[in-house]
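K.L.:
Take a look at run_20.cif, mmCIF, C-alpha atoms and all ligand atoms:
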data_final
loop_
_atom_site.label_atom_id
_atom_site.label_comp_id
_atom_site.auth_asym_id
_atom_site.auth_seq_id
_atom_site.Cartn_x
_atom_site.Cartn_y
_atom_site.Cartn_z
CA LYS A 596 0.00 0.00 0.00
CA LYS A 597 1.13 3.53 -0.74
CA LYS A 598 2.14 5.50 2.36
CA HIS A 599 0.17 8.57 3.34
CA LYS A 600 2.61 11.12 4.73
CA ILE A 601 1.25 13.58 7.27
CA ALA A 602 3.26 16.67 8.22
CA ILE A 603 2.51 17.36 11.88
CA LEU A 604 2.73 21.04 12.82
CA SER A 605 1.72 21.32 16.49
CA GLY A 606 2.77 24.93 16.96
CA ASP A 607 2.22 26.87 20.19
CA GLY A 608 0.04 27.07 23.29
CA ILE A 609 -2.32 24.13 23.61
CA GLY A 610 -1.31 22.96 20.10
CA PRO A 611 1.20 20.32 21.29
CA GLU A 612 -1.13 19.08 24.07
CA ILE A 613 -4.14 18.48 21.85
CA MET A 614 -1.91 17.04 19.12
CA GLN A 615 -0.74 14.44 21.63
CA GLU A 616 -4.33 13.15 21.77
CA ALA A 617 -4.64 13.10 17.96
CA TYR A 618 -1.46 10.96 17.98
CA LYS A 619 -3.30 8.35 20.07
CA ILE A 620 -5.90 8.10 17.32
CA ILE A 621 -3.22 7.96 14.61
CA GLU A 622 -1.55 5.05 16.44
CA ILE A 623 -4.85 3.14 16.44
CA LEU A 624 -5.38 3.88 12.75
CA LYS A 625 -1.89 2.54 12.01
CA LYS A 626 -1.77 -0.47 14.30
CA LYS A 627 -5.40 -1.62 14.41
CA PHE A 628 -6.88 -0.37 11.14
CA ASN A 629 -3.63 -1.01 9.25
CA LEU A 630 -3.60 2.38 7.56
CA PRO A 631 -0.20 3.15 5.99
CA ILE A 632 0.27 6.49 7.75
CA GLU A 633 3.70 8.03 8.24
CA THR A 634 4.13 11.19 10.34
CA SER A 635 6.92 13.80 10.52
CA GLU A 636 7.02 16.81 12.83
CA TYR A 637 7.95 20.36 11.85
CA ASP A 638 8.17 23.66 13.71
CA VAL A 639 5.69 26.42 12.94
CA GLY A 640 4.59 29.69 14.55
CA GLY A 641 6.11 31.08 17.74
CA ILE A 642 8.25 28.06 18.48
CA ALA A 643 9.71 28.35 14.98
CA ILE A 644 10.44 32.04 15.56
CA ASP A 645 12.26 31.13 18.79
CA LYS A 646 14.26 28.32 17.20
CA HIS A 647 14.82 29.54 13.64
CA ASN A 648 13.83 33.21 13.69
CA ASN A 649 11.08 32.48 11.14
CA ALA A 650 7.45 31.44 11.73
CA LEU A 651 7.50 29.26 8.62
CA PRO A 652 11.05 27.96 8.14
CA GLU A 653 12.24 26.55 4.82
CA ASN A 654 12.53 23.09 6.35
CA THR A 655 8.88 23.16 7.45
CA LEU A 656 7.71 24.37 4.07
CA ASN A 657 9.67 21.63 2.29
CA GLY A 658 8.38 19.04 4.74
CA CYS A 659 4.82 20.09 3.94
CA LYS A 660 5.52 20.02 0.20
CA ASN A 661 6.81 16.46 0.53
CA SER A 662 3.74 15.34 2.49
CA ASP A 663 0.27 14.26 1.41
CA SER A 664 -1.47 16.38 4.04
CA ILE A 665 -0.84 18.66 7.01
CA LEU A 666 -2.23 18.27 10.52
CA PHE A 667 -1.94 21.63 12.23
CA GLY A 668 -2.36 22.53 15.92
CA ALA A 669 -2.44 26.23 16.78
CA VAL A 670 -0.06 29.19 16.69
CA GLY A 671 0.47 32.47 18.51
CA GLY A 672 0.73 33.84 22.02
CA ASP A 673 1.57 36.94 24.06
CA LYS A 674 5.27 36.27 23.77
CA TRP A 675 5.23 37.23 20.07
CA ASN A 676 2.61 40.01 20.16
CA HIS A 677 5.25 42.74 20.35
CA MET A 678 6.40 41.83 16.84
CA PRO A 679 5.10 43.64 13.74
CA ILE A 680 1.84 41.95 12.66
CA GLU A 681 3.30 40.48 9.45
CA LYS A 682 6.04 38.65 11.38
CA ARG A 683 3.79 37.17 14.04
CA PRO A 684 2.99 33.45 14.20
CA GLU A 685 -0.60 33.89 12.95
CA ILE A 686 0.36 35.79 9.81
CA ALA A 687 3.91 34.65 8.95
CA GLY A 688 3.06 31.09 10.03
CA LEU A 689 -0.57 30.19 9.42
CA LEU A 690 -1.76 32.73 6.83
CA ASN A 691 1.45 32.28 4.89
CA LEU A 692 0.96 28.52 4.83
CA ARG A 693 -2.64 28.90 3.61
CA LYS A 694 -1.50 31.24 0.85
CA LYS A 695 1.59 29.21 -0.19
CA PHE A 696 -0.51 26.08 -0.75
CA ASN A 697 -3.42 28.04 -2.20
CA LEU A 698 -5.79 26.59 0.40
CA PHE A 699 -8.71 28.75 -0.67
CA ALA A 700 -11.52 26.57 0.66
CA ASN A 701 -12.05 26.32 4.39
CA ILE A 702 -14.67 23.80 5.44
CA ARG A 703 -16.03 23.94 8.98
CA PRO A 704 -18.80 21.49 9.85
CA CYS A 705 -20.66 22.37 12.99
CA ASN A 706 -23.48 20.49 14.61
CA LEU A 707 -25.37 20.05 17.83
CA ASN A 708 -26.85 16.64 18.46
CA LYS A 709 -30.25 16.73 20.18
CA LYS A 710 -28.91 14.32 22.79
CA LEU A 711 -26.21 16.87 23.69
CA HIS A 712 -28.44 19.96 23.59
CA TYR A 713 -27.42 20.90 27.15
CA LEU A 714 -23.90 21.67 25.92
CA SER A 715 -25.25 24.66 24.01
CA PRO A 716 -25.64 28.08 25.65
CA LEU A 717 -28.91 28.50 23.73
CA LYS A 718 -32.29 28.35 25.44
CA SER A 719 -33.34 24.74 25.60
CA GLU A 720 -36.43 25.21 23.41
CA ILE A 721 -34.01 26.12 20.62
CA SER A 722 -31.11 23.79 21.41
CA LYS A 723 -33.42 20.78 21.79
CA LYS A 724 -34.02 20.90 18.04
CA GLY A 725 -30.29 20.44 17.41
CA PHE A 726 -28.64 21.68 14.22
CA ASN A 727 -26.25 20.54 11.54
CA LEU A 728 -24.58 23.10 9.34
CA ILE A 729 -21.37 23.56 7.43
CA CYS A 730 -19.51 26.83 6.84
CA ILE A 731 -17.66 27.17 3.57
CA ARG A 732 -15.25 30.04 4.08
CA GLU A 733 -13.07 31.66 1.40
CA LEU A 734 -9.55 31.53 2.88
CA THR A 735 -6.92 33.14 0.66
CA GLY A 736 -8.54 36.42 -0.37
CA GLY A 737 -10.64 39.29 0.90
CA ILE A 738 -9.57 41.74 3.58
CA TYR A 739 -7.02 39.29 5.03
CA PHE A 740 -4.87 39.66 1.93
CA GLY A 741 -5.88 43.06 0.48
CA LYS A 742 -3.69 46.15 0.43
CA SER A 743 -3.17 47.45 3.95
CA LYS A 744 -1.17 50.02 5.84
CA TYR A 745 -0.50 51.06 9.40
CA ASP A 746 1.03 54.53 9.42
CA GLN A 747 2.21 55.23 12.94
CA LYS A 748 3.45 58.74 12.25
CA LYS A 749 0.48 60.02 10.28
CA LYS A 750 -1.86 58.13 12.59
CA TYR A 751 -4.01 56.31 10.09
CA ALA A 752 -4.43 52.72 8.95
CA TYR A 753 -6.46 50.81 6.40
CA ASP A 754 -7.28 47.34 5.10
CA THR A 755 -8.89 46.55 1.77
CA GLU A 756 -11.56 43.98 0.99
CA ILE A 757 -10.91 42.76 -2.56
CA TYR A 758 -12.40 39.84 -4.49
CA SER A 759 -12.21 38.88 -8.13
CA GLU A 760 -15.01 37.08 -9.95
CA TYR A 761 -12.73 34.05 -10.26
CA GLU A 762 -12.05 33.85 -6.52
CA ILE A 763 -15.76 33.99 -5.76
CA GLN A 764 -16.59 31.39 -8.43
CA ARG A 765 -14.15 28.79 -7.19
CA ILE A 766 -15.29 28.94 -3.55
CA ALA A 767 -18.99 29.14 -4.54
CA LYS A 768 -18.57 26.06 -6.72
CA ILE A 769 -17.37 24.10 -3.69
CA ALA A 770 -20.32 25.38 -1.65
CA PHE A 771 -22.83 24.40 -4.35
CA GLN A 772 -21.28 20.93 -4.61
CA ILE A 773 -21.32 20.39 -0.84
CA ALA A 774 -24.92 21.63 -0.66
CA GLN A 775 -25.86 19.08 -3.34
CA LYS A 776 -24.65 16.28 -1.09
CA ARG A 777 -26.61 17.67 1.88
CA THR A 778 -30.12 19.18 2.10
CA LYS A 779 -29.57 21.34 -1.03
CA LYS A 780 -30.11 24.53 0.99
CA LEU A 781 -27.38 27.11 0.47
CA VAL A 782 -27.20 30.54 2.07
CA SER A 783 -24.60 33.04 0.85
CA ILE A 784 -23.53 35.68 3.38
CA ASP A 785 -22.60 39.24 2.41
CA LYS A 786 -23.10 42.92 3.14
CA ALA A 787 -24.33 43.82 -0.32
CA ASN A 788 -26.38 46.74 1.00
CA VAL A 789 -23.11 48.57 1.75
CA LEU A 790 -20.02 46.93 0.23
CA LYS A 791 -19.12 46.82 -3.47
CA SER A 792 -17.14 43.62 -2.96
CA SER A 793 -20.32 42.07 -1.55
CA ALA A 794 -22.40 43.30 -4.51
CA LEU A 795 -20.01 41.41 -6.81
CA TRP A 796 -20.09 38.40 -4.49
CA ARG A 797 -23.89 38.26 -4.63
CA SER A 798 -24.12 38.70 -8.38
CA VAL A 799 -21.51 36.01 -9.10
CA VAL A 800 -23.21 33.50 -6.77
CA ASP A 801 -26.62 34.35 -8.30
CA LYS A 802 -25.38 33.75 -11.84
CA MET A 803 -23.84 30.42 -10.86
CA SER A 804 -27.07 29.24 -9.25
CA LYS A 805 -28.55 28.84 -12.78
CA ASP A 806 -26.20 25.87 -13.21
CA TYR A 807 -27.39 24.35 -9.94
CA SER A 808 -31.15 24.34 -10.38
CA ASP A 809 -31.53 21.69 -7.65
CA ILE A 810 -30.10 24.07 -5.03
CA GLN A 811 -32.30 26.41 -3.05
CA LEU A 812 -30.10 29.50 -2.82
CA THR A 813 -30.77 32.45 -0.52
CA HIS A 814 -28.70 35.48 0.41
CA MET A 815 -28.39 36.97 3.85
CA TYR A 816 -26.65 40.02 5.22
CA ILE A 817 -23.92 39.21 7.75
CA ASP A 818 -25.53 41.18 10.57
CA ASN A 819 -28.86 39.43 10.05
CA ALA A 820 -27.11 36.06 9.79
CA THR A 821 -25.45 36.41 13.21
CA MET A 822 -28.91 37.03 14.67
CA GLU A 823 -30.76 34.28 12.79
CA LEU A 824 -28.07 31.80 13.82
CA ILE A 825 -28.87 32.38 17.47
CA LYS A 826 -32.62 32.37 16.99
CA LYS A 827 -32.96 29.50 14.50
CA PRO A 828 -29.69 27.62 13.92
CA PHE A 829 -31.68 24.58 12.71
CA THR A 830 -32.81 26.51 9.60
CA PHE A 831 -29.23 26.67 8.27
CA ASP A 832 -27.49 23.99 6.23
CA THR A 833 -24.65 25.05 3.89
CA VAL A 834 -23.31 28.55 4.58
CA LEU A 835 -21.03 30.30 2.07
CA CYS A 836 -18.95 33.26 3.25
CA SER A 837 -15.98 35.47 2.55
CA ASN A 838 -12.79 35.16 4.59
CA LEU A 839 -13.64 37.66 7.34
CA PHE A 840 -17.37 36.91 7.59
CA GLY A 841 -16.57 33.20 7.73
CA ASP A 842 -14.04 33.77 10.50
CA ILE A 843 -16.65 35.52 12.60
CA LEU A 844 -19.58 33.24 11.83
CA SER A 845 -17.61 30.07 12.48
CA ASP A 846 -16.71 31.18 16.02
CA GLU A 847 -20.38 31.91 16.63
CA CYS A 848 -21.39 28.49 15.30
CA ALA A 849 -18.74 26.86 17.48
CA ALA A 850 -20.07 28.53 20.61
CA LEU A 851 -23.63 27.47 19.75
CA SER A 852 -22.56 23.84 19.52
CA GLY A 853 -20.94 23.92 22.96
CA SER A 854 -17.36 25.08 22.63
CA ILE A 855 -14.80 26.33 20.14
CA GLY A 856 -12.74 23.41 21.41
CA MET A 857 -14.83 21.03 19.31
CA LEU A 858 -14.80 22.73 15.89
CA PRO A 859 -12.50 21.16 13.29
CA SER A 860 -11.67 22.51 9.87
CA ALA A 861 -10.25 21.48 6.54
CA SER A 862 -8.49 23.95 4.27
CA ILE A 863 -8.06 22.58 0.78
CA ASN A 864 -6.83 23.64 -2.66
CA GLU A 865 -7.92 22.65 -6.17
CA TYR A 866 -5.78 19.50 -6.02
CA ASN A 867 -7.45 18.37 -2.80
CA PHE A 868 -4.27 18.92 -0.84
CA GLY A 869 -5.35 19.84 2.65
CA LEU A 870 -4.34 21.41 5.93
CA TYR A 871 -6.48 20.29 8.85
CA GLU A 872 -6.71 22.42 11.95
CA PRO A 873 -8.93 23.23 14.92
CA ALA A 874 -10.88 26.45 14.33
CA GLY A 875 -9.86 27.73 17.77
CA GLY A 876 -6.59 29.32 18.74
CA SER A 877 -3.57 28.51 20.89
CA ALA A 878 -5.40 29.43 24.14
CA PRO A 879 -2.35 30.62 26.14
CA ASN A 880 -4.49 31.07 29.27
CA ILE A 881 -5.08 27.33 29.61
CA THR A 882 -1.79 26.05 28.17
CA GLY A 883 0.11 23.38 30.10
CA LYS A 884 -2.78 22.58 32.47
CA ASN A 885 -4.05 19.45 30.73
CA ILE A 886 -7.55 20.96 30.53
CA ALA A 887 -7.85 21.89 26.84
CA ASN A 888 -10.45 20.08 24.76
CA PRO A 889 -8.69 17.85 22.19
CA ILE A 890 -11.87 17.12 20.22
CA ALA A 891 -11.33 19.80 17.53
CA GLN A 892 -7.88 18.32 16.87
CA ILE A 893 -9.18 14.76 16.73
CA LEU A 894 -12.06 15.75 14.44
CA SER A 895 -9.60 17.62 12.22
CA LEU A 896 -7.73 14.34 11.88
CA SER A 897 -10.99 12.65 10.93
CA MET A 898 -11.55 15.27 8.22
CA LEU A 899 -8.03 14.47 6.97
CA VAL A 900 -8.88 10.79 6.83
CA ASN A 901 -12.08 11.66 4.96
CA TYR A 902 -10.88 14.27 2.43
CA SER A 903 -7.16 13.55 1.94
CA MET A 904 -7.07 9.77 2.48
CA ASN A 905 -10.49 9.26 0.95
CA LEU A 906 -11.68 6.96 3.74
CA PRO A 907 -15.08 8.39 4.75
CA ASN A 908 -16.09 5.23 6.58
CA ILE A 909 -13.10 5.32 8.89
CA ALA A 910 -13.58 9.07 9.39
CA SER A 911 -17.16 8.33 10.49
CA LEU A 912 -15.89 5.82 13.04
CA ILE A 913 -13.71 8.52 14.61
CA GLU A 914 -16.65 10.94 14.67
CA GLU A 915 -18.90 8.31 16.25
CA SER A 916 -16.25 7.63 18.89
CA VAL A 917 -16.24 11.31 19.80
CA SER A 918 -20.05 11.50 20.00
CA GLU A 919 -20.28 8.35 22.10
CA THR A 920 -17.65 9.68 24.50
CA LEU A 921 -19.73 12.83 24.97
CA TYR A 922 -22.98 10.85 25.39
CA ASN A 923 -21.25 8.97 28.21
CA ASN A 924 -20.89 12.35 29.88
CA ASN A 925 -17.13 12.57 29.55
CA LEU A 926 -16.65 16.32 29.31
CA THR A 927 -13.63 18.61 29.41
CA LEU A 928 -13.68 21.82 31.45
CA ASP A 929 -14.96 23.99 28.58
CA LEU A 930 -18.08 21.82 28.40
CA VAL A 931 -19.13 21.58 32.04
CA GLN A 932 -20.93 24.05 34.26
CA LYS A 933 -19.17 25.46 37.33
CA ASN A 934 -16.06 23.22 37.20
CA LYS A 935 -18.23 20.18 37.86
CA ASN A 936 -16.87 16.70 37.08
CA TYR A 937 -14.64 17.34 34.16
CA ILE A 938 -11.96 15.14 32.67
CA SER A 939 -8.50 16.17 31.47
CA THR A 940 -7.18 16.56 27.95
CA SER A 941 -5.38 13.23 28.11
CA GLU A 942 -8.35 11.43 29.68
CA MET A 943 -10.57 12.70 26.87
CA GLY A 944 -8.06 11.32 24.33
CA ASN A 945 -8.07 7.98 26.15
CA LYS A 946 -11.88 7.75 26.29
CA ILE A 947 -12.19 8.48 22.57
CA SER A 948 -9.45 5.93 21.84
CA GLU A 949 -11.33 3.30 23.89
CA GLN A 950 -14.48 3.89 21.83
CA LEU A 951 -12.54 3.65 18.58
CA LEU A 952 -10.81 0.44 19.64
CA LYS A 953 -14.27 -1.17 20.01
CA LYS A 954 -14.87 -0.56 16.30
CA VAL A 955 -11.78 -2.28 14.90
C1 LIG B 1001 -9.07 30.91 12.33
C2 LIG B 1001 -8.19 31.83 13.13
C3 LIG B 1001 -7.21 32.52 12.18
C4 LIG B 1001 -8.02 33.30 11.18
C5 LIG B 1001 -6.18 33.44 12.88
C6 LIG B 1001 -5.40 32.69 13.94
C7 LIG B 1001 -5.27 34.11 11.90
O1 LIG B 1001 -8.95 32.74 13.86
O2 LIG B 1001 -8.55 29.97 11.71
O3 LIG B 1001 -10.29 31.10 12.32
O4 LIG B 1001 -8.44 34.45 11.44
O5 LIG B 1001 -8.26 32.77 10.08
MN MN B 1002 -11.11 32.45 13.70
#
Represent the structure contained in this file as structure tokens.
P.N.:
Amino acid sequence: KKKHKIAILSGDGIGPEIMQEAYKIIEILKKKFNLPIETSEYDVGGIAIDKHNNALPENTLNGCKNSDSILFGAVGGDKWNHMPIEKRPEIAGLLNLRKKFNLFANIRPCNLNKKLHYLSPLKSEISKKGFNLICIRELTGGIYFGKSKYDQKKKYAYDTEIYSEYEIQRIAKIAFQIAQKRTKKLVSIDKANVLKSSALWRSVVDKMSKDYSDIQLTHMYIDNATMELIKKPFTFDTVLCSNLFGDILSDECAALSGSIGMLPSASINEYNFGLYEPAGGSAPNITGKNIANPIAQILSLSMLVNYSMNLPNIASLIEESVSETLYNNNLTLDLVQKNKNYISTSEMGNKISEQLLKKV
């Protein structure tokens, strides 16, 4: 069998701790499911700045190029916040990596199972209905990569939101295709009542919808979407957004499903090469305490197994193991009320591993 090489980039903060739990799952996939996985570790982010004076060293970049996929932890922390923005771990490490591999499509599935409705901060009449949505976020364009300036002397600064028709088409195509495999309901998010870039976004998506007559397309302004998501999350299915709007909406979705610590993501390019990472950050405040939730990291691995290794059935087994662990009331600190009966990062990894081992 051909080896699948995974570049492991744990990064900073809780990154290495939650990656440790993903490793437990990788070991089971290798030893019990006989998957030909090979892993190599590379430095990225703050740790790479400390060791090599560069958030994305040449060696890391080459390692990623020579791999079939990337499993990413998290980057950033106070220690590097004095640096100019473009040298910091988040930009020089993560954004650079997304851009270098042209990972324009960020996929963030987010759901709340009815059985776990109590994990959600929503009123129970709403959370009891559960929800199951997927954010498709444009990842290599928009205001994150537009012309920008911070003029300290003249005391002004700006960022520019810029999208070409082509950039909108390629991310919208992915959203239409994903919607086709789901409930065929697609909502495109914009601010077309104010922004020119949004007016283009809306018109491009509208034109494309003629080629997807099976899809029920609607448009929603970003401000309205943030409100509707809280009031009726169960009415959403596939959500298409620009880079910045998707960043904001995906954090909101994560909170609604219980915790940002459970939201995985896949960032892929046109060749299906992918970087898989938790949607949350490096969480410096809880680093080193063995209390972080490793679920987002483990589910990111399952997305890797699904999209990059093309093994959806095995990916489902990992997802089921996570759900079952939660049903059994094994919860990390972020998921419990008032510090009650929580389990550690490593215990959570062990519990999920136990469930997965039952499925071999
Ligand atoms: C995310 C993160 C990143 C982003 C940061 C760390 C640059 O918030 O993946 O959502 O804004 O894209
Ligand atoms: Mn974010």
K.L.:
Taking all atoms listed in the file into account, list the residues no farther than 9 Å from ligand MN 1002 (chain B), as a PyMOL selection string.
P.N.:
chain A and resi 839+841-846+874-876
K.L.:
I need the residues from that last selection saved to file as an mmCIF file, in the coordinates of the input (with C-alpha atoms), if you can.
P.N.:
data_model
loop_
_atom_site.group_PDB
_atom_site.id
_atom_site.type_symbol
_atom_site.label_atom_id
_atom_site.label_comp_id
_atom_site.auth_asym_id
_atom_site.auth_seq_id
_atom_site.Cartn_x
_atom_site.Cartn_y
_atom_site.Cartn_z
ATOM 1 C CA LEU A 839 -13.640 37.660 7.340
ATOM 2 C CA GLY A 841 -16.570 33.200 7.730
ATOM 3 C CA ASP A 842 -14.040 33.770 10.500
ATOM 4 C CA ILE A 843 -16.650 35.520 12.600
ATOM 5 C CA LEU A 844 -19.580 33.240 11.830
ATOM 6 C CA SER A 845 -17.610 30.070 12.480
ATOM 7 C CA ASP A 846 -16.710 31.180 16.020
ATOM 8 C CA ALA A 874 -10.880 26.450 14.330
ATOM 9 C CA GLY A 875 -9.860 27.730 17.770
ATOM 10 C CA GLY A 876 -6.590 29.320 18.740
#
K.L.:
As JSON, please: the centre and edge lengths in Å, to one decimal, of an axis-aligned box enclosing every listed atom of ligand LIG 1001 (chain B) with 5 Å added on each side.
P.N.:
{"center_x": -7.8, "center_y": 32.2, "center_z": 12.0, "size_x": 15.0, "size_y": 14.5, "size_z": 13.9}
K.L.:
Select, counting only C-alpha atoms, all protein, DNA and RNA residues no farther than 6 Å from (6.5, 31.0, 10.7) in file coordinates, and express the selection as a PDB file with C-alpha atoms, in the coordinates of the input.
P.N.:
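In the end it all went to point29.pdb:
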ATOM      1  CA  VAL A 639       5.690  26.420  12.940  1.00  0.00           C
ATOM      2  CA  GLY A 640       4.590  29.690  14.550  1.00  0.00           C
ATOM      3  CA  ALA A 643       9.710  28.350  14.980  1.00  0.00           C
ATOM      4  CA  ASN A 649      11.080  32.480  11.140  1.00  0.00           C
ATOM      5  CA  ALA A 650       7.450  31.440  11.730  1.00  0.00           C
ATOM      6  CA  LEU A 651       7.500  29.260   8.620  1.00  0.00           C
ATOM      7  CA  PRO A 684       2.990  33.450  14.200  1.00  0.00           C
ATOM      8  CA  ALA A 687       3.910  34.650   8.950  1.00  0.00           C
ATOM      9  CA  GLY A 688       3.060  31.090  10.030  1.00  0.00           C
TER      10      GLY A 688
END
K.L.:
Could you give me, as a list in words, the residues that sit within 7 Å of (-4.2, 25.8, 9.0) in the file's coordinates, counting all atoms listed in the file?
P.N.:
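Counting all atoms listed in the file, I find these residues within 7 Å of (-4.2, 25.8, 9.0): Phe667, Leu689, Arg693, Ser862, Leu870, Tyr871 and Glu872 of chain A.
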K.L.:
Of the candidates A:Gly736, A:Gly883, A:Gly944, A:Pro704, which shows the shortest atom-to-atom distance to Ile773 of chain A, using only C-alpha atoms?
P.N.:
A:Pro704
K.L.:
Tell me, as number ranges by chain, which residues lie within 10 Å of Phe699 of chain A, counting all atoms listed in the file; anything in the same chain fewer than 6 positions away does not count.
P.N.:
A: 693, 732-736, 762, 765-766, 838, 862-865
K.L.:
Write out as a PyMOL selection string each polymer residue whose atoms come within 7 Å of Arg703 of chain A, counting only C-alpha atoms; drop sequence neighbours fewer than 6 positions from it.
P.N.:
chain A and resi 729-731+859-861
